[in-house]
>>> print(open('work_30.txt').read())   # compact mmCIF, C-alpha atoms
# COMPACT_ATOMS: atom_id res chain seq x y z
CA GLU A 271 -31.98 -15.52 48.34
CA THR A 272 -35.49 -16.84 48.66
CA GLY A 273 -36.66 -19.65 50.93
CA VAL A 274 -39.08 -20.66 48.20
CA THR A 275 -37.57 -22.39 45.18
CA GLN A 276 -39.33 -22.82 41.85
CA THR A 277 -38.32 -24.94 38.88
CA PRO A 278 -38.08 -24.61 36.01
CA ARG A 279 -37.45 -20.87 35.80
CA HIS A 280 -38.41 -20.83 32.13
CA LEU A 281 -40.64 -23.20 30.19
CA VAL A 282 -41.75 -23.21 26.57
CA MET A 283 -44.41 -25.71 25.64
CA GLY A 284 -46.78 -26.51 22.85
CA MET A 285 -50.50 -26.67 23.35
CA THR A 286 -50.51 -30.46 23.32
CA ASN A 287 -47.68 -30.93 25.82
CA LYS A 288 -47.90 -31.97 29.45
CA LYS A 289 -45.51 -30.35 31.87
CA SER A 290 -45.26 -29.60 35.57
CA LEU A 291 -44.05 -26.68 37.65
CA LYS A 292 -42.45 -27.45 40.98
CA CYS A 293 -42.23 -25.39 44.15
CA GLU A 294 -40.39 -26.17 47.36
CA GLN A 295 -40.38 -24.09 50.52
CA HIS A 296 -37.75 -24.35 53.24
CA LEU A 297 -39.45 -22.05 55.74
CA GLY A 298 -41.61 -24.47 57.69
CA HIS A 299 -44.79 -22.75 56.53
CA ASN A 300 -48.22 -24.36 56.55
CA ALA A 301 -49.79 -22.71 53.52
CA MET A 302 -48.70 -22.67 49.89
CA TYR A 303 -50.12 -20.78 46.94
CA TRP A 304 -50.03 -20.58 43.17
CA TYR A 305 -50.43 -17.13 41.64
CA LYS A 306 -50.56 -16.13 37.99
CA GLN A 307 -48.96 -12.83 36.94
CA SER A 308 -49.87 -11.53 33.50
CA ALA A 309 -48.96 -8.21 31.97
CA LYS A 310 -51.25 -5.34 32.99
CA LYS A 311 -53.32 -7.54 35.33
CA PRO A 312 -53.25 -7.93 39.09
CA LEU A 313 -51.69 -10.99 40.63
CA GLU A 314 -54.35 -13.68 40.37
CA LEU A 315 -54.68 -16.28 43.09
CA MET A 316 -55.12 -19.72 41.54
CA PHE A 317 -54.87 -22.27 44.34
CA VAL A 318 -54.26 -22.35 48.06
CA TYR A 319 -53.20 -25.33 50.11
CA SER A 320 -53.33 -25.13 53.87
CA LEU A 321 -51.99 -28.01 55.91
CA GLU A 322 -51.77 -29.96 52.64
CA GLU A 323 -55.48 -29.58 51.88
CA ARG A 324 -56.74 -27.47 49.02
CA VAL A 325 -58.79 -24.65 50.47
CA GLU A 326 -59.26 -22.49 47.43
CA ASN A 327 -59.71 -22.98 43.72
CA ASN A 328 -60.48 -19.67 42.09
CA SER A 329 -62.40 -20.94 39.06
CA VAL A 330 -59.21 -22.06 37.42
CA PRO A 331 -59.58 -24.09 34.20
CA SER A 332 -59.10 -27.82 34.62
CA ARG A 333 -56.05 -27.74 32.35
CA PHE A 334 -54.25 -26.55 35.49
CA SER A 335 -54.03 -29.25 38.15
CA PRO A 336 -52.33 -28.64 41.50
CA GLU A 337 -50.77 -31.23 43.75
CA CYS A 338 -49.48 -30.83 47.29
CA PRO A 339 -47.87 -34.07 48.49
CA ASN A 340 -46.59 -32.51 51.73
CA SER A 341 -46.32 -29.12 53.37
CA SER A 342 -42.99 -28.35 51.70
CA HIS A 343 -43.81 -29.17 48.09
CA LEU A 344 -46.34 -27.89 45.61
CA PHE A 345 -46.78 -28.78 41.97
CA LEU A 346 -48.79 -27.31 39.13
CA HIS A 347 -49.49 -29.82 36.39
CA LEU A 348 -50.14 -28.33 32.97
CA HIS A 349 -51.84 -29.96 30.00
CA THR A 350 -53.39 -28.74 26.76
CA LEU A 351 -52.69 -25.12 27.62
CA GLN A 352 -53.64 -22.14 25.48
CA PRO A 353 -51.38 -19.28 24.34
CA GLU A 354 -53.24 -16.93 26.71
CA ASP A 355 -51.94 -19.05 29.60
CA SER A 356 -48.47 -17.64 28.94
CA ALA A 357 -47.50 -15.80 32.12
CA LEU A 358 -45.26 -15.79 35.15
CA TYR A 359 -46.44 -18.40 37.64
CA LEU A 360 -45.47 -17.56 41.17
CA CYS A 361 -45.46 -19.91 44.11
CA ALA A 362 -45.70 -18.50 47.61
CA SER A 363 -45.86 -19.75 51.16
CA SER A 364 -47.02 -18.29 54.43
CA GLN A 365 -47.37 -19.14 58.08
CA GLY A 366 -50.69 -20.12 59.55
CA GLY A 367 -53.00 -23.04 59.06
CA ALA A 368 -56.63 -23.85 58.53
CA GLY A 369 -56.70 -21.42 55.66
CA VAL A 370 -55.71 -18.38 57.66
CA VAL A 371 -53.10 -15.95 56.41
CA THR A 372 -51.33 -14.66 59.46
CA GLY A 373 -48.50 -12.77 57.87
CA GLU A 374 -46.51 -12.09 54.80
CA LEU A 375 -46.30 -14.15 51.67
CA PHE A 376 -42.87 -15.39 50.67
CA PHE A 377 -42.71 -15.69 46.89
CA GLY A 378 -40.48 -17.83 44.76
CA GLU A 379 -38.73 -16.34 41.76
CA GLY A 380 -41.41 -17.65 39.44
CA SER A 381 -41.65 -19.88 36.40
CA ARG A 382 -41.96 -17.97 33.14
CA LEU A 383 -44.27 -20.01 30.92
CA THR A 384 -44.66 -19.52 27.19
CA VAL A 385 -47.30 -21.52 25.35
CA LEU A 386 -46.84 -21.71 21.60
CA GLY B 823 -66.17 -9.52 44.79
CA GLN B 824 -63.55 -7.47 46.51
CA GLN B 825 -61.58 -5.10 44.33
CA VAL B 826 -58.39 -3.24 45.13
CA MET B 827 -57.62 -0.25 42.96
CA GLN B 828 -54.16 1.23 42.86
CA ILE B 829 -53.06 4.54 41.33
CA PRO B 830 -51.12 5.71 39.49
CA GLN B 831 -50.28 2.82 37.21
CA TYR B 832 -46.95 4.38 36.26
CA GLN B 833 -44.82 7.10 37.81
CA HIS B 834 -41.61 8.61 36.50
CA VAL B 835 -39.68 10.78 38.93
CA GLN B 836 -36.35 12.53 38.98
CA GLU B 837 -33.96 11.08 41.51
CA GLY B 838 -34.44 12.95 44.77
CA GLU B 839 -38.12 13.67 44.19
CA ASP B 840 -40.82 12.15 46.35
CA PHE B 841 -43.23 9.42 45.22
CA THR B 842 -46.64 8.29 46.45
CA THR B 843 -48.87 5.40 45.43
CA TYR B 844 -52.46 5.02 46.60
CA CYS B 845 -54.56 1.95 47.21
CA ASN B 846 -58.36 1.85 47.56
CA SER B 847 -60.55 -1.11 48.40
CA SER B 848 -64.20 -1.59 47.60
CA THR B 849 -64.66 -3.26 50.99
CA THR B 850 -63.33 -2.75 54.49
CA LEU B 851 -60.04 -4.56 55.00
CA SER B 852 -58.87 -6.45 58.04
CA ASN B 853 -55.30 -5.67 57.06
CA ILE B 854 -53.25 -4.53 54.12
CA GLN B 855 -49.82 -5.55 52.91
CA TRP B 856 -47.35 -3.88 50.60
CA TYR B 857 -44.90 -5.64 48.28
CA LYS B 858 -42.12 -4.50 45.96
CA GLN B 859 -41.19 -6.30 42.76
CA ARG B 860 -37.93 -5.32 41.08
CA PRO B 861 -37.75 -5.64 37.28
CA GLY B 862 -37.36 -9.32 36.44
CA GLY B 863 -37.84 -10.27 40.07
CA HIS B 864 -40.55 -11.55 42.36
CA PRO B 865 -42.73 -9.70 44.88
CA VAL B 866 -41.02 -9.10 48.21
CA PHE B 867 -42.96 -8.22 51.33
CA LEU B 868 -42.43 -4.73 52.70
CA ILE B 869 -44.93 -4.27 55.52
CA GLN B 870 -48.34 -5.15 56.95
CA LEU B 871 -50.77 -2.63 58.45
CA VAL B 872 -53.58 -3.78 60.71
CA LYS B 873 -54.93 -0.90 62.78
CA SER B 874 -57.20 1.90 61.63
CA GLY B 875 -55.15 5.06 61.01
CA GLU B 876 -51.87 3.20 61.45
CA VAL B 877 -48.67 4.82 60.17
CA LYS B 878 -45.41 2.92 59.85
CA LYS B 879 -42.02 4.05 58.62
CA GLN B 880 -39.12 2.18 57.11
CA LYS B 881 -36.27 4.61 56.48
CA ARG B 882 -37.51 6.73 53.54
CA LEU B 883 -40.77 4.77 53.17
CA THR B 884 -43.95 5.80 55.02
CA PHE B 885 -47.03 3.58 54.98
CA GLN B 886 -50.50 4.67 56.06
CA PHE B 887 -53.74 2.79 56.62
CA GLY B 888 -56.91 4.86 56.42
CA GLU B 889 -59.26 5.42 59.32
CA ALA B 890 -62.01 3.48 57.56
CA LYS B 891 -59.55 0.69 56.66
CA LYS B 892 -60.48 0.99 53.00
CA ASN B 893 -57.46 2.85 51.71
CA SER B 894 -53.73 2.96 52.12
CA SER B 895 -50.73 4.80 50.77
CA LEU B 896 -47.00 4.36 50.38
CA HIS B 897 -44.82 7.45 50.27
CA ILE B 898 -41.13 7.42 49.40
CA THR B 899 -39.08 10.49 50.30
CA ALA B 900 -36.15 11.51 48.10
CA THR B 901 -36.27 8.59 45.70
CA GLN B 902 -33.12 6.75 44.70
CA THR B 903 -32.42 4.55 41.68
CA THR B 904 -32.63 1.53 43.98
CA ASP B 905 -36.33 2.31 44.51
CA VAL B 906 -37.12 1.31 40.92
CA GLY B 907 -39.74 -1.41 40.68
CA THR B 908 -43.45 -2.09 40.96
CA TYR B 909 -45.17 -1.54 44.28
CA PHE B 910 -48.25 -3.63 45.05
CA CYS B 911 -50.79 -3.33 47.79
CA ALA B 912 -52.75 -6.41 48.82
CA GLY B 913 -55.71 -6.54 51.14
CA ILE B 914 -57.51 -9.18 53.16
CA SER B 915 -61.18 -8.43 53.56
CA GLY B 916 -62.14 -10.66 56.44
CA ALA B 917 -60.59 -11.98 59.59
CA GLY B 918 -59.56 -15.56 59.17
CA SER B 919 -59.28 -15.21 55.40
CA TYR B 920 -56.44 -16.58 53.36
CA GLN B 921 -57.14 -14.67 50.17
CA LEU B 922 -55.06 -11.59 49.49
CA THR B 923 -56.48 -9.38 46.75
CA PHE B 924 -53.72 -7.54 44.95
CA GLY B 925 -53.86 -4.18 43.24
CA LYS B 926 -52.40 -3.86 39.73
CA GLY B 927 -49.37 -2.11 41.14
CA THR B 928 -47.59 1.17 40.51
CA LYS B 929 -44.48 0.95 38.38
CA LEU B 930 -41.89 3.45 39.55
CA SER B 931 -39.10 4.69 37.30
CA VAL B 932 -36.38 6.90 38.73
CA ILE B 933 -34.40 9.12 36.37
CA PRO B 934 -30.84 9.61 37.60
>>> encode(input="work_30.txt", output="structure tokens")
Amino acid sequence: ETGVTQTPRHLVMGMTNKKSLKCEQHLGHNAMYWYKQSAKKPLELMFVYSLEERVENNSVPSRFSPECPNSSHLFLHLHTLQPEDSALYLCASSQGGAGVVTGELFFGEGSRLTVL
Amino acid sequence: GQQVMQIPQYQHVQEGEDFTTYCNSSTTLSNIQWYKQRPGGHPVFLIQLVKSGEVKKQKRLTFQFGEAKKNSSLHITATQTTDVGTYFCAGISGAGSYQLTFGKGTKLSVIP
């Protein structure tokens, strides 16, 4: 059982839809991450929040919009996505603050997104 | 930017055989982590190596960090069907960095 919970687990959306992915961590960590996992590609870091401030945005298209209202919750808002955005979106958390990874990442089970 | 290369991409072994996956970075790493992802699952942390030349063992798993801190390996002795999954290495290139760069992973299949 993971201390990082993601909902929904599966999402199918059209290119004109607006949806959101939610992540909640129960581990008391200070940093939260969104990763994208596509077939045959390495895990791609999308966004990092440390102490509720965004510290990294890896050239992610603006159709992906993160939100971190507090240290336990992280959202990824999706709008006007493309079929190539279909992937597994993984949320993770870690200890440490001020943008420093001090240990392991704890991943959620992921949200499988399909864009039609 | 930093790249982490991992080989092989796939490995099929007979149950009881050994397995090794290798990880090479284009830059010197401050530390390296290893994760396992079961089919249909999410990555789960296995271990972190920090020191040059470090070797750590977890039961049948042996992890090594190269002297130059640019490469690492994971060796599994006498594989079992429960070892099936994809093994990822992930490196951090600088102290105080938050960005882990993942390799593409090695997908291990174990034939009973």
>>> closest_atom_pairs(input="work_30.txt", of="chain A", to="chain B", cutoff="8 Å", atoms="only C-alpha atoms", output="tab-separated table")
residue	atom	partner	partner_atom	distance
A:Lys310	CA	B:Lys926	CA	7.0
A:Lys311	CA	B:Lys926	CA	5.8
A:Pro312	CA	B:Lys926	CA	4.2
A:Leu313	CA	B:Phe924	CA	5.9
A:Glu314	CA	B:Phe924	CA	7.7
A:Leu315	CA	B:Gln921	CA	7.7
A:Leu360	CA	B:His864	CA	7.9
A:Gly369	CA	B:Tyr920	CA	5.4
A:Val370	CA	B:Tyr920	CA	4.7
A:Val371	CA	B:Tyr920	CA	4.6
A:Gly373	CA	B:Gln870	CA	7.7
A:Glu374	CA	B:Phe867	CA	6.3
A:Leu375	CA	B:Phe867	CA	6.8
A:Phe376	CA	B:Val866	CA	7.0
A:Phe377	CA	B:Pro865	CA	6.3
A:Gly378	CA	B:His864	CA	6.7
A:Glu379	CA	B:His864	CA	5.2
A:Gly380	CA	B:His864	CA	6.8
>>> residues_around(input="work_30.txt", residues="segment 333-348 of chain A", least_positions_apart="6", cutoff="12 Å", atoms="all atoms listed in the file", output="MDAnalysis selection string")
chainID A and resid 273:278 281:306 316:327 355:356 359:367 378 381 383:385
>>> atom_distance(input="work_30.txt", atom1="atom CA of Val330 of chain A", atom2="atom CA of Cys845 of chain B")
26.3 Å
>>> closest_residue(input="work_30.txt", among="B:Ser847, B:Ser915, B:Gln880, B:Gln859", to="Ser894 of chain B", atoms="only C-alpha atoms")
B:Ser847
>>> residues_around(input="work_30.txt", residues="segment 899-905 of chain B", least_positions_apart="2", cutoff="7 Å", atoms="all atoms listed in the file", output="list in words")
Glu837, Gly838, Glu839, Asp840, Phe841, Arg882, Leu883, His897, Gly907, Val932 and Pro934 of chain B
>>> atom_distance(input="work_30.txt", atom1="atom CA of Ser895 of chain B", atom2="atom CA of Ser308 of chain A")
23.8 Å
>>> atom_distance(input="work_30.txt", atom1="atom CA of Val877 of chain B", atom2="atom CA of Glu889 of chain B")
10.6 Å
>>> residues_around(input="work_30.txt", residues="Ser848 of chain B", least_positions_apart="5", cutoff="8 Å", atoms="only C-alpha atoms", output="PyMOL selection string")
chain B and resi 824-826+892
>>> closest_residue(input="work_30.txt", among="B:Leu896, B:Phe887, B:Lys878, B:Ser931", to="Tyr844 of chain B", atoms="all atoms listed in the file")
B:Leu896
